[in-house]
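Take a look at the structure set out below.
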Amino acid sequence: MDSNSSSGRPRAKDLVMNHIHICLRFIELLEHMFRIMASRRRRVERTYELGYDKHRQIIHNLVYKSDETCYKMLRMKRKPFKKLRDMLYEHGKFRDKRCVLVDEHLAITLHILGHNIRNRVISTWFQRSGDTVSKVFRRTIRALIRLQSMLLKHPMPIGLEETDLRWSYFQGCLGAIDGTHIPIIVRNNQKARFRCRKGFPTMNVMCACTPSKLITYILPGWEGSAADGRILRDVLSRRNGLKVPNDNYYLVDAGYSNCQGFLAPFRGQRYHLSEWASGKRPAQTPEEVFNLRHAKARNIIETCFGALKQRWVVLRSPCFYDVKMTTLIIIACVVLHNYLTMEVPDDLLDNVVVEGQELGAEDDASNEPPEVISQVGQTDAWTAFRNNLAIDMWDSYH
């Protein structure tokens, strides 16, 4: 023992004591860090989580004070806001939470959709914590999507009594179909898949609308690099996809094939309305007359896209959510678009559509469901149909 002590080597007992002392100091440091974090969290909660009366005053000044303020901040006036709140409560299975009522849920969500503002900014304006704002937004988006059975109507074909000259030439037409690109944020290893022809990541969203500017079908989620024809084939193959009866059709642009159920313009001819704007050179062939009237009618889908992106800024610039949440946001914006386009009629709940059937209509067991188009393919009969339609338009044009 004396020889080991004289050589200056530490004993095993001293090493163990040193390790224990270091561990104790490390535990004390962790406890000190946890106390600091807890105090900061309490300070943040005291800063943002105000009393009930204070929060109600914020909502009153934002929503119920004037129509002008409500429209600027939430993109709708007070009367539509109140009716949408009641619809969420009665039909969206939405209830007040312990500290956040339904109208505050809706106000936070509409403000984010209408201005594409970050979570931390919303938490400051509404005096809520960031975690509360995130939960409120996701919960409200899912509640809005549950209203789609009421607000996504089944399209009705154009009949002989149609008075709109743009659509009177297209008997049996259900509306127009097209795709639009929504900017998104994706990971670096996914940018090549979602990159559109303009060079930035987007999501290609296909929509179908009626002549009254109501969107009847939407399919988000496809990459920006996907072609419109490919998305259309996928829509028809889905179990809950787009149902087009054999006797009806949609108007599509030149990016789609001219096939049964989807009427495309003649290629190689003037088509876009900007090419007819000057009026110096009128239509000279049946194909040009067909393209002109086709463009005037099909332009309704472009109007829908413009109104949708003009009202909800979150669709014009990349939002701060992943692809899955962005898909839900797009569907919720379409539901809100239909709700505001209908101008909230009082009999909105009388014609609810569930799985393509109108509630309240008498069920006729003898009427079998119509045969629908299940694939995309060019046929001679459909080409002849378009040619005959162009000739009829040419005769009426003269």
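In the structure tokens, each chain is lettered A, B, ... as it comes, each chain's residues begin at 1, and ligands are numbered from 1 in order of appearance.
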
Neighbours of Thr210 of chain A within 7 Å (only C-alpha atoms; same-chain residues fewer than 5 positions away dropped), as a PDB file with C-alpha atoms, in the first residue's frame?
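Printed below is selection.pdb as written:
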ATOM      1  CA  PRO A 155     -73.975  18.680 -61.473  1.00  0.00           C
ATOM      2  CA  LEU A 174     -72.162  19.100 -67.092  1.00  0.00           C
ATOM      3  CA  GLY A 175     -69.583  21.879 -66.844  1.00  0.00           C
ATOM      4  CA  ALA A 176     -65.840  22.285 -67.341  1.00  0.00           C
ATOM      5  CA  ILE A 215     -67.018  23.214 -57.893  1.00  0.00           C
TER       6      ILE A 215
END

Taking the DSSP secondary structure from the backbone, can you list the residues of segment 71-197 of chain A that are alpha helix (DSSP H), as a PDB file with N, CA and C atoms, in the first residue's frame?
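Wrote result.pdb, looks like this:
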ATOM      1  N   TYR A  71     -64.776  41.434 -43.214  1.00  0.00           N
ATOM      2  CA  TYR A  71     -64.416  41.015 -44.574  1.00  0.00           C
ATOM      3  C   TYR A  71     -62.916  41.152 -44.819  1.00  0.00           C
ATOM      4  N   LYS A  72     -62.311  42.198 -44.319  1.00  0.00           N
ATOM      5  CA  LYS A  72     -60.879  42.393 -44.529  1.00  0.00           C
ATOM      6  C   LYS A  72     -60.050  41.314 -43.837  1.00  0.00           C
ATOM      7  N   MET A  73     -60.456  40.923 -42.658  1.00  0.00           N
ATOM      8  CA  MET A  73     -59.660  39.994 -41.876  1.00  0.00           C
ATOM      9  C   MET A  73     -60.017  38.538 -42.147  1.00  0.00           C
ATOM     10  N   LEU A  74     -61.297  38.248 -42.384  1.00  0.00           N
ATOM     11  CA  LEU A  74     -61.751  36.856 -42.513  1.00  0.00           C
ATOM     12  C   LEU A  74     -62.285  36.529 -43.901  1.00  0.00           C
ATOM     13  N   ARG A  78     -70.285  39.422 -41.791  1.00  0.00           N
ATOM     14  CA  ARG A  78     -70.739  38.853 -40.517  1.00  0.00           C
ATOM     15  C   ARG A  78     -71.862  37.831 -40.691  1.00  0.00           C
ATOM     16  N   LYS A  79     -72.806  38.100 -41.587  1.00  0.00           N
ATOM     17  CA  LYS A  79     -73.936  37.179 -41.746  1.00  0.00           C
ATOM     18  C   LYS A  79     -73.480  35.813 -42.258  1.00  0.00           C
ATOM     19  N   PRO A  80     -72.674  35.728 -43.338  1.00  0.00           N
ATOM     20  CA  PRO A  80     -72.163  34.404 -43.731  1.00  0.00           C
ATOM     21  C   PRO A  80     -71.317  33.747 -42.653  1.00  0.00           C
ATOM     22  N   PHE A  81     -70.580  34.544 -41.893  1.00  0.00           N
ATOM     23  CA  PHE A  81     -69.769  33.970 -40.813  1.00  0.00           C
ATOM     24  C   PHE A  81     -70.644  33.301 -39.762  1.00  0.00           C
ATOM     25  N   LYS A  82     -71.721  33.968 -39.381  1.00  0.00           N
ATOM     26  CA  LYS A  82     -72.593  33.400 -38.347  1.00  0.00           C
ATOM     27  C   LYS A  82     -73.280  32.123 -38.841  1.00  0.00           C
ATOM     28  N   LYS A  83     -73.716  32.125 -40.114  1.00  0.00           N
ATOM     29  CA  LYS A  83     -74.374  30.928 -40.637  1.00  0.00           C
ATOM     30  C   LYS A  83     -73.390  29.772 -40.770  1.00  0.00           C
ATOM     31  N   LEU A  84     -72.146  30.077 -41.167  1.00  0.00           N
ATOM     32  CA  LEU A  84     -71.139  29.021 -41.243  1.00  0.00           C
ATOM     33  C   LEU A  84     -70.807  28.485 -39.859  1.00  0.00           C
ATOM     34  N   ARG A  85     -70.761  29.347 -38.873  1.00  0.00           N
ATOM     35  CA  ARG A  85     -70.552  28.897 -37.487  1.00  0.00           C
ATOM     36  C   ARG A  85     -71.656  27.956 -37.049  1.00  0.00           C
ATOM     37  N   ASP A  86     -72.910  28.298 -37.376  1.00  0.00           N
ATOM     38  CA  ASP A  86     -74.029  27.424 -36.985  1.00  0.00           C
ATOM     39  C   ASP A  86     -73.987  26.096 -37.748  1.00  0.00           C
ATOM     40  N   MET A  87     -73.578  26.123 -39.012  1.00  0.00           N
ATOM     41  CA  MET A  87     -73.465  24.884 -39.783  1.00  0.00           C
ATOM     42  C   MET A  87     -72.399  23.967 -39.196  1.00  0.00           C
ATOM     43  N   LEU A  88     -71.283  24.535 -38.786  1.00  0.00           N
ATOM     44  CA  LEU A  88     -70.236  23.722 -38.165  1.00  0.00           C
ATOM     45  C   LEU A  88     -70.723  23.108 -36.859  1.00  0.00           C
ATOM     46  N   TYR A  89     -71.508  23.858 -36.127  1.00  0.00           N
ATOM     47  CA  TYR A  89     -71.993  23.348 -34.840  1.00  0.00           C
ATOM     48  C   TYR A  89     -73.038  22.254 -35.030  1.00  0.00           C
ATOM     49  N   GLU A  90     -73.934  22.440 -36.008  1.00  0.00           N
ATOM     50  CA  GLU A  90     -75.042  21.497 -36.167  1.00  0.00           C
ATOM     51  C   GLU A  90     -74.690  20.302 -37.045  1.00  0.00           C
ATOM     52  N   VAL A 102     -66.495  28.020 -30.785  1.00  0.00           N
ATOM     53  CA  VAL A 102     -66.518  27.687 -32.207  1.00  0.00           C
ATOM     54  C   VAL A 102     -66.184  28.903 -33.059  1.00  0.00           C
ATOM     55  N   ASP A 103     -66.721  30.078 -32.708  1.00  0.00           N
ATOM     56  CA  ASP A 103     -66.460  31.254 -33.525  1.00  0.00           C
ATOM     57  C   ASP A 103     -64.991  31.655 -33.497  1.00  0.00           C
ATOM     58  N   GLU A 104     -64.300  31.436 -32.391  1.00  0.00           N
ATOM     59  CA  GLU A 104     -62.867  31.725 -32.356  1.00  0.00           C
ATOM     60  C   GLU A 104     -62.085  30.700 -33.173  1.00  0.00           C
ATOM     61  N   HIS A 105     -62.499  29.429 -33.133  1.00  0.00           N
ATOM     62  CA  HIS A 105     -61.903  28.426 -34.022  1.00  0.00           C
ATOM     63  C   HIS A 105     -62.005  28.883 -35.472  1.00  0.00           C
ATOM     64  N   LEU A 106     -63.200  29.283 -35.868  1.00  0.00           N
ATOM     65  CA  LEU A 106     -63.435  29.662 -37.262  1.00  0.00           C
ATOM     66  C   LEU A 106     -62.686  30.938 -37.626  1.00  0.00           C
ATOM     67  N   ALA A 107     -62.637  31.907 -36.728  1.00  0.00           N
ATOM     68  CA  ALA A 107     -61.944  33.161 -37.020  1.00  0.00           C
ATOM     69  C   ALA A 107     -60.448  32.934 -37.218  1.00  0.00           C
ATOM     70  N   ILE A 108     -59.832  32.125 -36.380  1.00  0.00           N
ATOM     71  CA  ILE A 108     -58.399  31.837 -36.521  1.00  0.00           C
ATOM     72  C   ILE A 108     -58.120  31.136 -37.847  1.00  0.00           C
ATOM     73  N   THR A 109     -58.956  30.164 -38.197  1.00  0.00           N
ATOM     74  CA  THR A 109     -58.739  29.406 -39.432  1.00  0.00           C
ATOM     75  C   THR A 109     -58.933  30.278 -40.668  1.00  0.00           C
ATOM     76  N   LEU A 110     -59.993  31.071 -40.704  1.00  0.00           N
ATOM     77  CA  LEU A 110     -60.237  31.937 -41.856  1.00  0.00           C
ATOM     78  C   LEU A 110     -59.149  32.989 -41.998  1.00  0.00           C
ATOM     79  N   HIS A 111     -58.630  33.468 -40.901  1.00  0.00           N
ATOM     80  CA  HIS A 111     -57.562  34.465 -40.969  1.00  0.00           C
ATOM     81  C   HIS A 111     -56.285  33.862 -41.545  1.00  0.00           C
ATOM     82  N   ILE A 112     -55.984  32.623 -41.193  1.00  0.00           N
ATOM     83  CA  ILE A 112     -54.803  31.954 -41.751  1.00  0.00           C
ATOM     84  C   ILE A 112     -55.001  31.679 -43.233  1.00  0.00           C
ATOM     85  N   LEU A 113     -56.180  31.190 -43.623  1.00  0.00           N
ATOM     86  CA  LEU A 113     -56.437  30.884 -45.024  1.00  0.00           C
ATOM     87  C   LEU A 113     -56.469  32.141 -45.886  1.00  0.00           C
ATOM     88  N   GLY A 114     -56.997  33.213 -45.352  1.00  0.00           N
ATOM     89  CA  GLY A 114     -57.148  34.428 -46.127  1.00  0.00           C
ATOM     90  C   GLY A 114     -55.901  35.263 -46.266  1.00  0.00           C
ATOM     91  N   HIS A 115     -54.891  35.010 -45.402  1.00  0.00           N
ATOM     92  CA  HIS A 115     -53.686  35.843 -45.432  1.00  0.00           C
ATOM     93  C   HIS A 115     -52.390  35.039 -45.403  1.00  0.00           C
ATOM     94  N   ASN A 119     -47.855  30.751 -37.792  1.00  0.00           N
ATOM     95  CA  ASN A 119     -48.478  30.398 -36.528  1.00  0.00           C
ATOM     96  C   ASN A 119     -48.123  31.397 -35.433  1.00  0.00           C
ATOM     97  N   ARG A 120     -46.870  31.802 -35.369  1.00  0.00           N
ATOM     98  CA  ARG A 120     -46.432  32.680 -34.290  1.00  0.00           C
ATOM     99  C   ARG A 120     -47.081  34.071 -34.393  1.00  0.00           C
ATOM    100  N   VAL A 121     -47.394  34.516 -35.600  1.00  0.00           N
ATOM    101  CA  VAL A 121     -48.064  35.810 -35.755  1.00  0.00           C
ATOM    102  C   VAL A 121     -49.516  35.709 -35.291  1.00  0.00           C
ATOM    103  N   ILE A 122     -50.184  34.630 -35.672  1.00  0.00           N
ATOM    104  CA  ILE A 122     -51.564  34.427 -35.230  1.00  0.00           C
ATOM    105  C   ILE A 122     -51.637  34.313 -33.705  1.00  0.00           C
ATOM    106  N   SER A 123     -50.678  33.619 -33.115  1.00  0.00           N
ATOM    107  CA  SER A 123     -50.685  33.471 -31.657  1.00  0.00           C
ATOM    108  C   SER A 123     -50.543  34.815 -30.958  1.00  0.00           C
ATOM    109  N   THR A 124     -49.836  35.754 -31.580  1.00  0.00           N
ATOM    110  CA  THR A 124     -49.697  37.083 -30.989  1.00  0.00           C
ATOM    111  C   THR A 124     -50.974  37.894 -31.145  1.00  0.00           C
ATOM    112  N   TRP A 125     -51.619  37.834 -32.326  1.00  0.00           N
ATOM    113  CA  TRP A 125     -52.825  38.611 -32.574  1.00  0.00           C
ATOM    114  C   TRP A 125     -54.002  38.130 -31.733  1.00  0.00           C
ATOM    115  N   GLY A 130     -48.842  29.053 -29.304  1.00  0.00           N
ATOM    116  CA  GLY A 130     -48.661  28.453 -30.616  1.00  0.00           C
ATOM    117  C   GLY A 130     -49.258  27.061 -30.709  1.00  0.00           C
ATOM    118  N   ASP A 131     -49.189  26.292 -29.631  1.00  0.00           N
ATOM    119  CA  ASP A 131     -49.766  24.955 -29.629  1.00  0.00           C
ATOM    120  C   ASP A 131     -51.281  25.016 -29.757  1.00  0.00           C
ATOM    121  N   THR A 132     -51.913  25.978 -29.098  1.00  0.00           N
ATOM    122  CA  THR A 132     -53.368  26.126 -29.194  1.00  0.00           C
ATOM    123  C   THR A 132     -53.786  26.519 -30.599  1.00  0.00           C
ATOM    124  N   VAL A 133     -53.057  27.438 -31.225  1.00  0.00           N
ATOM    125  CA  VAL A 133     -53.383  27.867 -32.587  1.00  0.00           C
ATOM    126  C   VAL A 133     -53.268  26.704 -33.566  1.00  0.00           C
ATOM    127  N   SER A 134     -52.219  25.892 -33.427  1.00  0.00           N
ATOM    128  CA  SER A 134     -52.028  24.754 -34.326  1.00  0.00           C
ATOM    129  C   SER A 134     -53.170  23.745 -34.188  1.00  0.00           C
ATOM    130  N   LYS A 135     -53.552  23.422 -32.959  1.00  0.00           N
ATOM    131  CA  LYS A 135     -54.647  22.473 -32.740  1.00  0.00           C
ATOM    132  C   LYS A 135     -55.971  23.024 -33.251  1.00  0.00           C
ATOM    133  N   VAL A 136     -56.211  24.304 -33.020  1.00  0.00           N
ATOM    134  CA  VAL A 136     -57.459  24.924 -33.469  1.00  0.00           C
ATOM    135  C   VAL A 136     -57.553  24.893 -34.993  1.00  0.00           C
ATOM    136  N   PHE A 137     -56.470  25.210 -35.682  1.00  0.00           N
ATOM    137  CA  PHE A 137     -56.483  25.248 -37.143  1.00  0.00           C
ATOM    138  C   PHE A 137     -56.750  23.871 -37.729  1.00  0.00           C
ATOM    139  N   ARG A 138     -56.057  22.867 -37.267  1.00  0.00           N
ATOM    140  CA  ARG A 138     -56.250  21.516 -37.809  1.00  0.00           C
ATOM    141  C   ARG A 138     -57.636  20.976 -37.497  1.00  0.00           C
ATOM    142  N   ARG A 139     -58.142  21.272 -36.320  1.00  0.00           N
ATOM    143  CA  ARG A 139     -59.481  20.788 -35.950  1.00  0.00           C
ATOM    144  C   ARG A 139     -60.554  21.459 -36.810  1.00  0.00           C
ATOM    145  N   THR A 140     -60.394  22.734 -37.092  1.00  0.00           N
ATOM    146  CA  THR A 140     -61.396  23.448 -37.889  1.00  0.00           C
ATOM    147  C   THR A 140     -61.352  23.020 -39.352  1.00  0.00           C
ATOM    148  N   ILE A 141     -60.158  22.777 -39.890  1.00  0.00           N
ATOM    149  CA  ILE A 141     -60.042  22.324 -41.278  1.00  0.00           C
ATOM    150  C   ILE A 141     -60.789  21.012 -41.469  1.00  0.00           C
ATOM    151  N   ARG A 142     -60.634  20.091 -40.561  1.00  0.00           N
ATOM    152  CA  ARG A 142     -61.342  18.810 -40.685  1.00  0.00           C
ATOM    153  C   ARG A 142     -62.847  18.981 -40.515  1.00  0.00           C
ATOM    154  N   ALA A 143     -63.270  19.919 -39.692  1.00  0.00           N
ATOM    155  CA  ALA A 143     -64.704  20.172 -39.549  1.00  0.00           C
ATOM    156  C   ALA A 143     -65.289  20.778 -40.819  1.00  0.00           C
ATOM    157  N   LEU A 144     -64.541  21.654 -41.495  1.00  0.00           N
ATOM    158  CA  LEU A 144     -65.015  22.220 -42.758  1.00  0.00           C
ATOM    159  C   LEU A 144     -65.132  21.144 -43.832  1.00  0.00           C
ATOM    160  N   ILE A 145     -64.204  20.210 -43.849  1.00  0.00           N
ATOM    161  CA  ILE A 145     -64.252  19.141 -44.849  1.00  0.00           C
ATOM    162  C   ILE A 145     -65.472  18.262 -44.636  1.00  0.00           C
ATOM    163  N   GLN A 148     -68.567  18.874 -46.855  1.00  0.00           N
ATOM    164  CA  GLN A 148     -68.507  18.736 -48.308  1.00  0.00           C
ATOM    165  C   GLN A 148     -69.728  18.013 -48.874  1.00  0.00           C
ATOM    166  N   SER A 149     -70.341  17.137 -48.110  1.00  0.00           N
ATOM    167  CA  SER A 149     -71.538  16.462 -48.610  1.00  0.00           C
ATOM    168  C   SER A 149     -72.700  17.423 -48.782  1.00  0.00           C
ATOM    169  N   MET A 150     -72.660  18.577 -48.112  1.00  0.00           N
ATOM    170  CA  MET A 150     -73.705  19.572 -48.244  1.00  0.00           C
ATOM    171  C   MET A 150     -73.384  20.604 -49.310  1.00  0.00           C
ATOM    172  N   LEU A 151     -72.106  20.878 -49.526  1.00  0.00           N
ATOM    173  CA  LEU A 151     -71.709  22.008 -50.366  1.00  0.00           C
ATOM    174  C   LEU A 151     -71.137  21.605 -51.715  1.00  0.00           C
ATOM    175  N   LYS A 191     -38.377  17.442 -54.562  1.00  0.00           N
ATOM    176  CA  LYS A 191     -38.583  18.614 -55.420  1.00  0.00           C
ATOM    177  C   LYS A 191     -38.654  18.242 -56.893  1.00  0.00           C
ATOM    178  N   ALA A 192     -37.893  17.238 -57.314  1.00  0.00           N
ATOM    179  CA  ALA A 192     -37.913  16.849 -58.730  1.00  0.00           C
ATOM    180  C   ALA A 192     -39.296  16.323 -59.133  1.00  0.00           C
ATOM    181  N   ARG A 193     -39.976  15.606 -58.244  1.00  0.00           N
ATOM    182  CA  ARG A 193     -41.302  15.068 -58.550  1.00  0.00           C
ATOM    183  C   ARG A 193     -42.346  16.164 -58.639  1.00  0.00           C
ATOM    184  N   PHE A 194     -42.265  17.156 -57.763  1.00  0.00           N
ATOM    185  CA  PHE A 194     -43.297  18.177 -57.685  1.00  0.00           C
ATOM    186  C   PHE A 194     -42.968  19.419 -58.513  1.00  0.00           C
TER     187      PHE A 194
END

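Distances from A:Leu336, A:Phe126, A:Pro282, A:Val186 to Ala307 of chain A were compared using only C-alpha atoms, and the smallest one belongs to A:Leu336.
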
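Minimum atom-to-atom distance to Ala332 of chain A, evaluated using only C-alpha atoms, belongs to A:Arg146 out of A:Lys54, A:Arg146, A:His19, A:Lys93.
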
Could you check which of A:Ser212, A:Asn18, A:Ser129, A:Gln57 is closest to Asn338 of chain A, using only C-alpha atoms? A:Ser212

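In this comparison, which uses only C-alpha atoms, the residue of A:Phe94, A:Phe200, A:Tyr271, A:Trp167 approaching Ser317 of chain A most closely is A:Phe200.
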
Give me, please, the distance in Å between atom CA of Ser396 of chain A and atom CA of Gln260 of chain A, quoted to one decimal. 24.5 Å

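You will find atom CA of Met156 of chain A at 24.0 Å from atom CA of Ala254 of chain A.
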
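Distances here use only C-alpha atoms; by that measure, the residue among A:His181, A:Arg25, A:Arg386, A:Arg95 closest to Asn258 of chain A is A:Arg386.
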